[in-house]
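Colleague: Sharing final_18.txt, compact mmCIF, C-alpha atoms and all ligand atoms:
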# COMPACT_ATOMS: atom_id res chain seq x y z
CA MET M 1072 147.02 37.21 -137.86
CA THR M 1073 143.28 37.51 -137.38
CA GLU M 1074 141.38 35.43 -134.79
CA ARG M 1075 139.83 33.38 -137.59
CA TYR M 1076 143.28 32.44 -138.93
CA LYS M 1077 144.23 31.15 -135.48
CA GLU M 1078 141.40 28.62 -135.54
CA LEU M 1079 142.27 27.18 -138.94
CA LEU M 1080 145.20 25.26 -140.34
CA VAL M 1081 146.37 27.80 -142.90
CA ALA M 1082 148.32 26.82 -146.01
CA ARG M 1083 149.57 29.03 -148.82
CA TYR M 1084 150.00 27.76 -152.39
CA TYR M 1085 151.33 29.07 -155.68
CA VAL M 1086 148.97 27.97 -158.45
CA GLU M 1087 148.78 27.93 -162.23
CA HIS M 1088 145.28 27.02 -163.35
CA VAL M 1089 143.82 26.56 -166.84
CA LYS M 1090 140.85 28.77 -165.92
CA SER M 1091 141.69 31.13 -163.07
CA VAL M 1092 143.17 31.51 -159.62
CA ASP M 1093 139.61 31.80 -158.27
CA VAL M 1094 138.67 28.42 -159.67
CA ALA M 1095 141.93 26.91 -158.44
CA ALA M 1096 141.18 28.01 -154.88
CA GLU M 1097 137.68 26.51 -154.95
CA GLU M 1098 138.91 23.29 -156.50
CA ILE M 1099 141.52 22.85 -153.79
CA CYS M 1100 138.88 23.41 -151.10
CA ASP M 1101 136.59 20.85 -152.72
CA GLU M 1102 139.20 18.21 -153.36
CA GLU M 1103 140.80 18.49 -149.94
CA SER M 1104 137.73 18.80 -147.74
CA VAL M 1105 134.07 17.99 -148.35
CA GLY M 1106 133.73 18.00 -152.12
CA THR M 1107 134.93 16.52 -155.36
CA TRP M 1108 134.97 17.47 -159.07
CA THR M 1109 131.16 17.88 -159.26
CA ASP M 1110 128.54 19.09 -156.83
CA LEU M 1111 127.13 16.46 -154.49
CA ARG M 1112 123.50 17.36 -154.17
CA THR M 1113 122.51 14.82 -151.63
CA THR M 1114 125.38 14.92 -149.19
CA GLU M 1115 127.47 18.06 -149.45
CA GLY M 1116 124.77 20.48 -148.37
CA ARG M 1117 124.07 18.90 -145.03
CA PRO M 1118 125.06 21.49 -142.40
CA HIS M 1119 127.35 19.20 -140.43
CA VAL M 1120 129.21 18.40 -143.67
CA ALA M 1121 129.18 21.93 -145.12
CA LYS M 1122 130.78 23.43 -142.02
CA LEU M 1123 133.87 21.29 -142.62
CA ARG M 1124 134.58 22.86 -146.01
CA ALA M 1125 138.02 24.43 -146.31
CA GLU M 1126 137.88 28.21 -146.75
CA VAL M 1127 139.57 30.50 -149.21
CA LEU M 1128 141.20 33.14 -147.02
CA ASP M 1129 143.14 35.08 -149.61
CA LYS M 1130 143.87 35.14 -153.35
CA LYS M 1131 146.32 37.02 -155.53
CA VAL M 1132 146.46 36.96 -159.30
CA PHE M 1133 149.95 37.34 -160.76
CA ALA M 1134 149.57 36.93 -164.51
CA ASP M 1135 147.62 35.50 -167.41
CA HIS M 1136 149.83 33.35 -169.59
CA GLU M 1137 148.86 31.44 -172.67
CA GLY M 1138 146.22 29.08 -171.44
CA TYR M 1139 146.49 29.54 -167.70
CA GLN M 1140 146.44 32.07 -164.86
CA SER M 1141 149.03 32.15 -162.09
CA GLY M 1142 148.69 33.42 -158.55
CA GLU M 1143 148.71 32.58 -154.88
CA VAL M 1144 145.91 31.24 -152.71
CA THR M 1145 145.66 30.92 -148.95
CA ILE M 1146 143.41 28.14 -147.75
CA GLY M 1147 142.11 27.57 -144.22
CA PHE M 1148 141.42 23.94 -143.29
CA GLN M 1149 138.96 23.22 -140.46
CA THR M 1150 140.81 21.54 -137.61
CA GLU M 1151 137.97 19.02 -137.09
CA THR M 1152 138.80 17.47 -140.45
CA PHE M 1153 142.09 16.10 -139.11
CA ASP M 1154 142.51 12.80 -137.34
CA MET M 1155 145.10 13.78 -134.78
CA GLU M 1156 145.71 10.25 -133.61
CA ALA M 1157 146.99 9.64 -137.14
CA GLY M 1158 149.03 12.83 -136.67
CA ILE M 1159 151.07 14.23 -139.50
CA THR M 1160 149.80 11.65 -142.02
CA SER M 1161 146.29 13.04 -141.67
CA ILE M 1162 147.52 16.59 -142.14
CA LEU M 1163 149.64 15.79 -145.18
CA SER M 1164 146.87 13.75 -146.79
CA MET M 1165 144.97 17.04 -147.14
CA LEU M 1166 147.53 19.84 -147.32
CA ALA M 1167 149.81 17.86 -149.61
CA GLY M 1168 147.35 15.34 -151.01
CA ASN M 1169 145.56 14.94 -154.32
CA LEU M 1170 145.85 18.63 -155.07
CA PHE M 1171 149.29 18.09 -156.60
CA GLY M 1172 147.78 15.88 -159.26
CA LEU M 1173 144.71 17.88 -160.23
CA GLY M 1174 144.79 18.08 -164.01
CA ALA M 1175 143.51 21.66 -164.28
CA LEU M 1176 146.42 22.84 -162.16
CA ARG M 1177 149.41 23.07 -164.47
CA ASN M 1178 151.61 23.70 -161.45
CA ILE M 1179 150.97 23.98 -157.75
CA ARG M 1180 153.52 24.59 -155.01
CA TRP M 1181 152.90 24.45 -151.26
CA LEU M 1182 154.70 27.54 -150.02
CA ASP M 1183 153.99 27.88 -146.31
CA VAL M 1184 151.84 26.73 -143.43
CA ASP M 1185 150.69 28.00 -140.04
CA PHE M 1186 149.55 25.43 -137.53
CA PRO M 1187 147.00 26.59 -134.97
CA ARG M 1188 147.81 25.82 -131.33
CA SER M 1189 145.05 23.22 -131.21
CA ILE M 1190 146.91 21.16 -133.82
CA ALA M 1191 150.47 21.97 -132.74
CA GLU M 1192 149.81 20.70 -129.24
CA TYR M 1193 149.53 17.14 -130.53
CA PHE M 1194 153.21 17.16 -131.45
CA PRO M 1195 156.24 16.66 -129.24
CA GLY M 1196 158.62 19.36 -130.58
CA PRO M 1197 162.38 19.11 -130.04
CA LYS M 1198 163.58 17.66 -126.73
CA PHE M 1199 166.83 19.63 -126.78
CA GLY M 1200 166.80 22.41 -129.34
CA VAL M 1201 169.74 24.78 -129.75
CA ASP M 1202 170.13 25.42 -126.02
CA GLY M 1203 169.97 21.75 -125.10
CA VAL M 1204 172.55 20.76 -127.72
CA ARG M 1205 174.83 23.58 -126.58
CA LYS M 1206 174.70 22.32 -122.99
CA ILE M 1207 175.77 18.84 -124.12
CA ILE M 1208 178.67 20.14 -126.19
CA GLY M 1209 179.56 22.95 -123.78
CA THR M 1210 179.23 25.88 -126.14
CA ASP M 1211 176.85 27.63 -123.79
CA LYS M 1212 180.07 28.80 -122.13
CA GLY M 1213 183.73 29.14 -123.11
CA GLU M 1214 185.62 31.85 -124.97
CA PHE M 1215 182.70 32.60 -127.30
CA PRO M 1216 179.52 31.45 -125.53
CA GLY M 1217 176.78 30.67 -128.01
CA ARG M 1218 179.18 30.45 -130.93
CA PRO M 1219 178.45 28.51 -134.14
CA HIS M 1220 179.22 24.79 -134.08
CA VAL M 1221 181.60 23.20 -136.53
CA GLY M 1222 180.50 19.81 -137.81
CA THR M 1223 181.74 17.20 -140.22
CA ILE M 1224 180.44 14.29 -142.26
CA VAL M 1225 183.12 11.63 -142.47
CA LYS M 1226 184.16 11.20 -146.10
CA PRO M 1227 184.37 9.21 -148.23
CA LYS M 1228 180.74 8.42 -147.54
CA MET M 1229 181.22 4.75 -148.44
CA GLY M 1230 184.00 2.26 -148.04
CA LEU M 1231 185.84 2.98 -144.78
CA THR M 1232 185.79 0.22 -142.18
CA ALA M 1233 184.33 1.02 -138.77
CA LYS M 1234 187.87 1.33 -137.34
CA GLU M 1235 189.03 3.62 -140.13
CA TRP M 1236 185.85 5.68 -139.80
CA ALA M 1237 186.50 6.13 -136.08
CA GLU M 1238 190.11 7.18 -136.77
CA VAL M 1239 188.88 9.88 -139.14
CA ALA M 1240 186.30 10.96 -136.55
CA TYR M 1241 189.07 11.15 -133.94
CA ASP M 1242 191.21 13.33 -136.21
CA ALA M 1243 188.28 15.66 -136.91
CA ALA M 1244 187.35 15.89 -133.23
CA SER M 1245 190.88 16.50 -132.02
CA GLY M 1246 191.26 19.13 -134.75
CA GLY M 1247 188.31 21.02 -133.28
CA VAL M 1248 184.94 19.95 -134.67
CA ASP M 1249 182.02 19.86 -132.23
CA PHE M 1250 179.84 17.44 -134.12
CA ILE M 1251 180.33 14.43 -136.39
CA LYS M 1252 177.67 12.73 -138.41
CA ASP M 1253 177.20 9.64 -140.53
CA ASP M 1254 176.49 10.38 -144.15
CA GLU M 1255 172.85 10.07 -145.18
CA ASN M 1256 173.47 6.84 -147.07
CA LEU M 1257 175.78 5.19 -144.57
CA SER M 1258 173.77 3.02 -142.22
CA ASN M 1259 174.69 -0.60 -141.54
CA GLN M 1260 176.60 -1.80 -144.59
CA PRO M 1261 178.74 -4.91 -144.05
CA PHE M 1262 182.00 -2.99 -144.54
CA CYS M 1263 181.12 -0.57 -141.71
CA PRO M 1264 178.63 -2.11 -139.26
CA ILE M 1265 176.67 0.47 -137.31
CA ASP M 1266 177.41 -1.05 -133.89
CA GLU M 1267 181.09 -1.32 -134.45
CA ARG M 1268 181.20 2.22 -135.84
CA THR M 1269 179.22 3.64 -132.92
CA VAL M 1270 181.36 1.91 -130.28
CA ASN M 1271 184.67 2.74 -131.95
CA VAL M 1272 183.73 6.38 -132.43
CA LEU M 1273 182.54 6.72 -128.82
CA GLU M 1274 185.89 5.37 -127.60
CA LYS M 1275 187.72 7.89 -129.74
CA LEU M 1276 185.51 10.74 -128.59
CA ASP M 1277 186.12 9.76 -124.97
CA LEU M 1278 189.81 9.99 -125.73
CA VAL M 1279 189.34 13.47 -127.17
CA LYS M 1280 187.49 14.43 -123.98
CA GLU M 1281 190.42 13.17 -121.86
CA GLU M 1282 192.98 14.93 -124.03
CA THR M 1283 191.22 18.26 -124.60
CA GLY M 1284 188.30 18.46 -122.18
CA ARG M 1285 185.94 18.98 -125.12
CA ASN M 1286 182.66 17.14 -125.68
CA VAL M 1287 182.15 16.08 -129.28
CA ILE M 1288 179.05 14.16 -130.31
CA HIS M 1289 178.45 11.70 -133.15
CA ALA M 1290 175.05 11.35 -134.83
CA VAL M 1291 174.41 7.69 -135.61
CA ASN M 1292 172.28 7.23 -138.74
CA VAL M 1293 169.51 4.86 -137.68
CA THR M 1294 167.39 5.40 -140.82
CA ALA M 1295 165.75 2.13 -141.87
CA THR M 1296 162.36 0.47 -142.07
CA HIS M 1297 160.35 0.80 -138.86
CA ASP M 1298 161.32 -2.35 -136.95
CA VAL M 1299 164.93 -2.29 -138.04
CA MET M 1300 165.21 1.38 -137.18
CA TRP M 1301 163.89 0.86 -133.67
CA ARG M 1302 166.25 -2.04 -133.11
CA ARG M 1303 169.13 0.19 -134.21
CA ILE M 1304 167.97 3.02 -131.98
CA GLU M 1305 167.91 0.72 -128.96
CA GLU M 1306 171.31 -0.72 -129.78
CA ALA M 1307 172.85 2.69 -130.42
CA LEU M 1308 171.51 4.03 -127.11
CA ASP M 1309 172.67 0.89 -125.25
CA ASN M 1310 176.10 1.45 -126.75
CA GLY M 1311 176.06 5.00 -125.37
CA ALA M 1312 175.28 7.02 -128.51
CA LYS M 1313 174.95 10.74 -127.74
CA CYS M 1314 173.02 11.72 -130.86
CA LEU M 1315 170.87 9.95 -133.46
CA MET M 1316 170.29 10.84 -137.08
CA ILE M 1317 167.30 10.25 -139.32
CA ASP M 1318 166.72 10.83 -143.06
CA VAL M 1319 163.24 12.16 -142.41
CA ILE M 1320 161.93 12.32 -145.97
CA LEU M 1321 162.74 8.63 -146.39
CA THR M 1322 161.23 7.41 -143.13
CA GLY M 1323 158.32 9.82 -142.84
CA TYR M 1324 157.85 12.42 -140.13
CA GLN M 1325 155.88 10.04 -137.93
CA GLU M 1326 159.08 8.10 -137.22
CA LEU M 1327 160.77 11.31 -136.10
CA ALA M 1328 157.78 12.18 -133.91
CA GLN M 1329 157.90 8.74 -132.36
CA MET M 1330 161.61 9.10 -131.63
CA ALA M 1331 161.08 12.52 -130.10
CA ARG M 1332 158.22 11.21 -127.96
CA ASP M 1333 159.95 8.06 -126.79
CA PRO M 1334 161.23 8.58 -123.24
CA SER M 1335 164.19 6.25 -123.87
CA VAL M 1336 165.55 8.63 -126.52
CA LYS M 1337 167.42 11.02 -124.25
CA VAL M 1338 169.72 12.38 -126.96
CA PRO M 1339 169.31 15.01 -129.68
CA ILE M 1340 168.06 14.01 -133.13
CA HIS M 1341 169.89 15.29 -136.19
CA VAL M 1342 167.58 15.48 -139.21
CA HIS M 1343 168.95 15.03 -142.72
CA ARG M 1344 166.64 15.91 -145.61
CA THR M 1345 168.00 13.75 -148.41
CA MET M 1346 165.53 13.44 -151.34
CA HIS M 1347 163.85 16.74 -150.43
CA ALA M 1348 165.00 18.36 -153.67
CA ALA M 1349 162.85 15.94 -155.67
CA PHE M 1350 159.90 18.09 -154.62
CA THR M 1351 161.40 21.30 -153.18
CA ARG M 1352 163.58 22.37 -156.08
CA ASN M 1353 161.16 23.27 -158.86
CA PRO M 1354 160.08 26.83 -157.95
CA LEU M 1355 156.66 26.37 -159.58
CA HIS M 1356 155.62 22.93 -158.39
CA GLY M 1357 156.01 20.70 -155.34
CA ILE M 1358 156.61 21.66 -151.74
CA SER M 1359 158.83 24.41 -150.43
CA MET M 1360 161.31 23.56 -147.67
CA LEU M 1361 159.44 26.01 -145.41
CA PRO M 1362 156.52 23.70 -144.52
CA ILE M 1363 159.03 20.87 -144.15
CA ALA M 1364 161.09 22.86 -141.65
CA LYS M 1365 157.99 23.71 -139.59
CA ILE M 1366 156.88 20.07 -139.61
CA VAL M 1367 160.35 18.88 -138.56
CA ARG M 1368 160.28 21.32 -135.66
CA MET M 1369 156.83 20.15 -134.55
CA THR M 1370 157.71 16.49 -134.93
CA GLY M 1371 160.83 16.88 -132.83
CA GLY M 1372 164.06 17.38 -134.81
CA ASP M 1373 166.85 19.07 -132.84
CA GLN M 1374 169.06 19.89 -135.85
CA LEU M 1375 168.00 20.24 -139.48
CA HIS M 1376 169.78 20.83 -142.80
CA ILE M 1377 168.46 24.04 -144.31
CA GLY M 1378 171.00 24.86 -147.01
CA SER M 1379 174.13 26.94 -147.18
CA TYR M 1380 172.89 30.55 -147.36
CA GLY M 1381 173.96 30.75 -150.99
CA GLN M 1382 177.46 29.42 -150.34
CA GLY M 1383 177.65 25.73 -151.15
CA LYS M 1384 177.52 22.96 -153.76
CA MET M 1385 173.81 22.20 -153.44
CA ASP M 1386 171.05 24.26 -155.03
CA THR M 1387 170.58 27.18 -152.64
CA ASP M 1388 168.25 30.15 -152.19
CA LEU M 1389 169.39 32.74 -149.70
CA ASP M 1390 165.97 34.39 -149.18
CA LEU M 1391 164.31 31.06 -148.50
CA GLU M 1392 167.10 29.88 -146.21
CA LEU M 1393 166.78 33.05 -144.12
CA LYS M 1394 163.08 32.22 -143.72
CA LEU M 1395 163.96 28.63 -142.79
CA LYS M 1396 166.32 29.91 -140.12
CA ASP M 1397 163.53 32.07 -138.69
CA ALA M 1398 161.08 29.15 -138.77
CA LEU M 1399 163.52 27.11 -136.68
CA LEU M 1400 164.62 29.84 -134.27
CA ASN M 1401 161.68 32.22 -133.79
CA ASP M 1402 158.97 31.54 -131.24
CA MET M 1403 156.57 28.77 -132.21
CA TYR M 1404 154.25 28.16 -129.28
CA GLU M 1405 156.25 26.43 -126.54
CA PHE M 1406 158.40 24.41 -128.95
CA LYS M 1407 162.13 24.51 -128.45
CA THR M 1408 164.26 25.79 -131.31
CA VAL M 1409 166.04 23.67 -133.94
CA PHE M 1410 169.74 24.09 -134.78
CA PRO M 1411 169.95 25.17 -138.45
CA THR M 1412 172.63 23.18 -140.27
CA ALA M 1413 174.45 24.55 -143.31
CA SER M 1414 176.11 21.85 -145.36
CA GLY M 1415 177.17 20.80 -148.84
CA GLY M 1416 180.37 21.97 -150.51
CA LEU M 1417 181.49 24.17 -147.60
CA TYR M 1418 185.07 24.97 -146.61
CA PRO M 1419 186.83 27.54 -144.38
CA ALA M 1420 186.62 30.54 -146.71
CA LYS M 1421 182.83 30.25 -146.70
CA ILE M 1422 182.56 30.81 -142.95
CA PRO M 1423 182.44 34.63 -142.77
CA ASN M 1424 179.41 34.75 -145.08
CA LEU M 1425 177.75 31.77 -143.42
CA VAL M 1426 177.99 33.52 -140.05
CA LYS M 1427 176.91 36.83 -141.58
CA TYR M 1428 173.64 35.26 -142.73
CA GLY M 1429 173.19 32.44 -140.24
CA GLY M 1430 174.34 34.27 -137.09
CA ASN M 1431 175.71 32.26 -134.18
CA ASN M 1432 173.02 29.61 -134.21
CA ILE M 1433 174.38 27.67 -137.13
CA ILE M 1434 176.14 24.36 -137.58
CA LEU M 1435 178.93 24.88 -140.10
CA GLN M 1436 179.25 21.46 -141.58
CA ALA M 1437 182.00 20.39 -143.97
CA GLY M 1438 182.84 16.95 -145.32
CA GLY M 1439 185.14 17.46 -148.30
CA GLY M 1440 186.07 20.89 -146.92
CA ILE M 1441 187.73 19.19 -143.93
CA HIS M 1442 188.89 15.77 -145.10
CA GLY M 1443 190.16 17.21 -148.40
CA HIS M 1444 192.60 19.55 -146.63
CA PRO M 1445 196.11 19.17 -148.12
CA ASP M 1446 197.41 17.95 -144.74
CA GLY M 1447 194.46 15.73 -143.87
CA THR M 1448 191.44 15.68 -141.61
CA ARG M 1449 192.93 17.03 -138.38
CA LYS M 1450 194.43 20.08 -140.07
CA GLY M 1451 191.23 20.48 -142.06
CA ALA M 1452 189.22 20.69 -138.86
CA MET M 1453 191.75 23.14 -137.42
CA ALA M 1454 191.40 25.33 -140.52
CA MET M 1455 187.60 25.41 -140.09
CA ARG M 1456 187.96 26.43 -136.43
CA GLN M 1457 190.55 29.03 -137.30
CA ALA M 1458 188.24 30.52 -139.93
CA LEU M 1459 185.49 30.62 -137.32
CA ASP M 1460 187.76 32.16 -134.68
CA ALA M 1461 188.88 34.83 -137.14
CA THR M 1462 185.25 35.59 -138.01
CA LEU M 1463 184.21 35.85 -134.35
CA LYS M 1464 187.18 38.12 -133.64
CA GLY M 1465 186.39 40.31 -136.65
CA ILE M 1466 189.72 39.56 -138.34
CA SER M 1467 189.93 38.89 -142.08
CA LEU M 1468 190.82 35.32 -143.05
CA ASP M 1469 193.85 36.49 -145.05
CA GLU M 1470 195.17 38.32 -142.01
CA TYR M 1471 194.51 35.38 -139.67
CA ALA M 1472 196.09 32.95 -142.15
CA LYS M 1473 199.44 34.72 -141.76
CA GLU M 1474 199.75 33.14 -138.30
CA HIS M 1475 197.69 30.00 -138.97
CA ILE M 1476 199.23 27.67 -141.51
CA GLU M 1477 196.26 25.26 -141.60
CA LEU M 1478 193.91 28.05 -142.64
CA ALA M 1479 196.49 29.37 -145.09
CA LYS M 1480 196.68 25.97 -146.80
CA ALA M 1481 192.88 25.67 -146.98
CA LEU M 1482 192.64 29.13 -148.56
CA GLU M 1483 195.36 28.20 -150.99
CA LYS M 1484 193.59 24.99 -152.04
CA TRP M 1485 190.00 26.20 -152.28
CA GLY M 1486 190.32 29.98 -152.46
CA TYR M 1487 187.18 31.91 -151.64
C1 LIG M 1501 177.83 17.32 -147.48
C2 LIG M 1501 176.83 16.21 -147.56
C3 LIG M 1501 175.36 16.53 -147.25
C4 LIG M 1501 174.72 17.62 -148.10
C5 LIG M 1501 173.22 17.53 -148.19
C6 LIG M 1501 176.90 15.57 -148.91
O1 LIG M 1501 179.12 16.87 -147.81
O2 LIG M 1501 177.18 15.21 -146.67
O3 LIG M 1501 174.64 15.36 -147.37
O4 LIG M 1501 175.08 18.82 -147.53
O5 LIG M 1501 172.64 18.70 -148.66
O6 LIG M 1501 176.99 14.37 -149.00
O7 LIG M 1501 176.87 16.31 -149.89
P1 LIG M 1501 180.27 17.86 -148.31
P2 LIG M 1501 171.74 19.63 -147.72
O8 LIG M 1501 180.58 18.79 -147.18
O9 LIG M 1501 181.46 16.99 -148.65
O10 LIG M 1501 179.74 18.57 -149.52
O11 LIG M 1501 172.57 19.99 -146.51
O12 LIG M 1501 171.47 20.80 -148.60
O13 LIG M 1501 170.53 18.88 -147.37
MG MG M 1502 175.80 13.73 -147.14
I need this file expressed as structure tokens, please.
Modeller:
Amino acid sequence: MTERYKELLVARYYVEHVKSVDVAAEEICDEESVGTWTDLRTTEGRPHVAKLRAEVLDKKVFADHEGYQSGEVTIGFQTETFDMEAGITSILSMLAGNLFGLGALRNIRWLDVDFPRSIAEYFPGPKFGVDGVRKIIGTDKGEFPGRPHVGTIVKPKMGLTAKEWAEVAYDAASGGVDFIKDDENLSNQPFCPIDERTVNVLEKLDLVKEETGRNVIHAVNVTATHDVMWRRIEEALDNGAKCLMIDVILTGYQELAQMARDPSVKVPIHVHRTMHAAFTRNPLHGISMLPIAKIVRMTGGDQLHIGSYGQGKMDTDLDLELKLKDALLNDMYEFKTVFPTASGGLYPAKIPNLVKYGGNNIILQAGGGIHGHPDGTRKGAMAMRQALDATLKGISLDEYAKEHIELAKALEKWGY
């Protein structure tokens, strides 16, 4: 990275423009900094305005199709153009603003971003990160220090009462999971009030601690409108919650940043990305998950869903997910790391590949793949842990299943 790059907020876009990639780059700079669709003779040229123009740092032409040219452009935004008291909203209003709707751009996709230190330092970053979460759960030591975590989402996602929910959580925890989370759309429905759920689950997890010595944490989904969310956060923390969860695309990143900054929030924040695929999935248009992951890290998520390394039920892209893992775990100024979470359609047989790609810093999360076990949740959790143990010991699952009936039954039901 050159010195100049370090002073600018650098964003990379895929573009398809009716004229050319060159024109696309200039149009983005105009629309998102000091210009508009026409020249502004009286105002634009003033030196104090002109110096704020975004810069084209790089351009690549890929192809000429019928009626448009495709390529990639790298744009550098001047840091003075951002209102850092407004935080991430100011940044997104430019990097992900009107440019998506410009008519001459047939498609445009925000691929990546690099935040200069001068911008990054306005953000809190994760309070706990991978190391902090490990200390709470105790996986910084033990038979396999630094091993992957096994997590679950209680299923079915709707309908269980708070008491039933807590029973299922107990079964999963006593079977061996490290982490339990609310589903993204379970919050405070009348059939399962959030307070009652939180308190009942905490009691059950205390019991698991007494019985097994293991610390298991439950992420309480506090996602809601601002005031309601903050009331729920306070109540959850008063009740003793050890982890909170937020659907960050629904609330906006500023809510996450506020949670991460708030001194009363002394627990990790699990970040679910529901709705992301509305703009991340189309490979030609929208926003890649890569900028999202970097923003979640800056704004203070401790755990983030990044996909299943090609293994699960959700749309998945192994190359991208490896980059997401790096964005969460590699050095980024002084920010702590974020625990990458693999989820969606996972079950025991998927674990060897998940660990192959994700390494040890991965949360292996299974809802259906635990609660759908032929002998129920507890055995389902045991099967996940057995698959992980086998993987860490370098033993094939088939071999390990000979002595572990829970794993054998999971393999029989779901195969590979
Ligand atoms: C997984 C999950 C997660 C998805 C979200 C679900 O449940 O709870 O929300 O993983 O996708 O409802 O599908 P299962 P992503 O284990 O039963 O599939 O992690 O890609 O954001
Ligand atoms: Mg879910």
Colleague: Using 8 Å as the limit and counting all atoms listed in the file, can you tabulate each residue of chain M that touches ligand MG 1502 (chain M), with its shortest atom-to-atom distance in Å and the two atoms involved, as a tab-separated table?
Modeller:
residue	atom	partner	partner_atom	distance
M:Ile1224	CA	M:MG1502	MG	6.8
M:Lys1228	CA	M:MG1502	MG	7.3
M:Asp1253	CA	M:MG1502	MG	7.9
M:Asp1254	CA	M:MG1502	MG	4.5
M:Glu1255	CA	M:MG1502	MG	5.1
M:Asn1256	CA	M:MG1502	MG	7.3
M:Thr1345	CA	M:MG1502	MG	7.9
M:Gly1415	CA	M:MG1502	MG	7.4
M:Gly1438	CA	M:MG1502	MG	8.0
Colleague: Export, as a short mmCIF file (atom, residue, chain, number, x, y, z; two decimals), in the frame of the given file, the selected residues with C-alpha atoms.
Modeller:
data_model
loop_
_atom_site.label_atom_id
_atom_site.label_comp_id
_atom_site.auth_asym_id
_atom_site.auth_seq_id
_atom_site.Cartn_x
_atom_site.Cartn_y
_atom_site.Cartn_z
CA ILE M 1224 180.44 14.29 -142.26
CA LYS M 1228 180.74 8.42 -147.54
CA ASP M 1253 177.20 9.64 -140.53
CA ASP M 1254 176.49 10.38 -144.15
CA GLU M 1255 172.85 10.07 -145.18
CA ASN M 1256 173.47 6.84 -147.07
CA THR M 1345 168.00 13.75 -148.41
CA GLY M 1415 177.17 20.80 -148.84
CA GLY M 1438 182.84 16.95 -145.32
#
Colleague: Between M:Lys1427, M:His1341, M:Lys1480, M:Arg1456, which one has atoms that come closest to ligand LIG 1501 (chain M), using all atoms listed in the file?
Modeller: M:His1341
Colleague: Restricting the calculation to all atoms listed in the file, which member of M:Leu1111, M:Leu1468, M:Val1367, M:Ala1348 is positioned closest to ligand LIG 1501 (chain M)?
Modeller: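 Looking at the shortest contact to ligand LIG 1501 (chain M), the residue is M:Ala1348.
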Colleague: Which neighbours of Thr1294 in chain M fall inside 10 Å, counting all atoms listed in the file, when residues of the same chain fewer than 4 positions from it are skipped, and could you give them as a ChimeraX atom specification?
Modeller: /M:1255-1259,1299-1301,1303-1304,1315-1319,1321-1322,1326,1343
Colleague: Limited to C-alpha atoms, could you put the picked residues into a file as a CSV table (one decimal), in the frame of the given file?
Modeller:
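As a result, selection20.csv now contains:
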chain,number,residue,atom,x,y,z
M,1255,GLU,CA,172.8,10.1,-145.2
M,1256,ASN,CA,173.5,6.8,-147.1
M,1257,LEU,CA,175.8,5.2,-144.6
M,1258,SER,CA,173.8,3.0,-142.2
M,1259,ASN,CA,174.7,-0.6,-141.5
M,1299,VAL,CA,164.9,-2.3,-138.0
M,1300,MET,CA,165.2,1.4,-137.2
M,1301,TRP,CA,163.9,0.9,-133.7
M,1303,ARG,CA,169.1,0.2,-134.2
M,1304,ILE,CA,168.0,3.0,-132.0
M,1315,LEU,CA,170.9,10.0,-133.5
M,1316,MET,CA,170.3,10.8,-137.1
M,1317,ILE,CA,167.3,10.2,-139.3
M,1318,ASP,CA,166.7,10.8,-143.1
M,1319,VAL,CA,163.2,12.2,-142.4
M,1321,LEU,CA,162.7,8.6,-146.4
M,1322,THR,CA,161.2,7.4,-143.1
M,1326,GLU,CA,159.1,8.1,-137.2
M,1343,HIS,CA,169.0,15.0,-142.7
Colleague: Please report, as a Markdown table, each residue of chain M lying at most 9 Å from ligand LIG 1501 (chain M), together with the nearest pair of atoms and the separation in Å rounded to one decimal; use all atoms listed in the file, and order rows by chain and ascending residue number.
Modeller:
| residue | atom | partner | partner_atom | distance |
| --- | --- | --- | --- | --- |
| M:Thr1223 | CA | M:LIG1501 | O8 | 7.2 |
| M:Ile1224 | CA | M:LIG1501 | O2 | 5.6 |
| M:Val1225 | CA | M:LIG1501 | O2 | 8.1 |
| M:Lys1226 | CA | M:LIG1501 | O9 | 6.9 |
| M:Pro1227 | CA | M:LIG1501 | O9 | 8.3 |
| M:Lys1228 | CA | M:LIG1501 | O6 | 7.2 |
| M:Lys1252 | CA | M:LIG1501 | O2 | 8.6 |
| M:Asp1253 | CA | M:LIG1501 | O2 | 8.3 |
| M:Asp1254 | CA | M:LIG1501 | O2 | 5.5 |
| M:Glu1255 | CA | M:LIG1501 | O3 | 6.0 |
| M:Asn1256 | CA | M:LIG1501 | O6 | 8.5 |
| M:His1343 | CA | M:LIG1501 | O13 | 6.2 |
| M:Arg1344 | CA | M:LIG1501 | O13 | 5.2 |
| M:Thr1345 | CA | M:LIG1501 | O13 | 5.8 |
| M:Met1346 | CA | M:LIG1501 | O13 | 8.4 |
| M:His1347 | CA | M:LIG1501 | O13 | 7.7 |
| M:Ala1348 | CA | M:LIG1501 | O13 | 8.4 |
| M:Leu1375 | CA | M:LIG1501 | O11 | 8.4 |
| M:His1376 | CA | M:LIG1501 | O11 | 4.7 |
| M:Ile1377 | CA | M:LIG1501 | O12 | 6.2 |
| M:Gly1378 | CA | M:LIG1501 | O12 | 4.4 |
| M:Ser1379 | CA | M:LIG1501 | O12 | 6.8 |
| M:Gly1383 | CA | M:LIG1501 | O10 | 7.6 |
| M:Lys1384 | CA | M:LIG1501 | O10 | 6.5 |
| M:Met1385 | CA | M:LIG1501 | O12 | 5.6 |
| M:Asp1386 | CA | M:LIG1501 | O12 | 7.3 |
| M:Thr1387 | CA | M:LIG1501 | O12 | 7.6 |
| M:Thr1412 | CA | M:LIG1501 | O11 | 7.0 |
| M:Ala1413 | CA | M:LIG1501 | O11 | 5.9 |
| M:Ser1414 | CA | M:LIG1501 | O4 | 3.9 |
| M:Gly1415 | CA | M:LIG1501 | O4 | 3.2 |
| M:Gly1416 | CA | M:LIG1501 | O10 | 3.6 |
| M:Leu1417 | CA | M:LIG1501 | O8 | 5.5 |
| M:Tyr1418 | CA | M:LIG1501 | O8 | 7.7 |
| M:Gln1436 | CA | M:LIG1501 | O8 | 6.3 |
| M:Ala1437 | CA | M:LIG1501 | O8 | 3.9 |
| M:Gly1438 | CA | M:LIG1501 | O8 | 3.5 |
| M:Gly1439 | CA | M:LIG1501 | O9 | 3.7 |
| M:Gly1440 | CA | M:LIG1501 | O8 | 5.9 |
| M:Ile1441 | CA | M:LIG1501 | O8 | 7.9 |
| M:His1442 | CA | M:LIG1501 | O9 | 8.3 |
| M:Gly1443 | CA | M:LIG1501 | O9 | 8.7 |
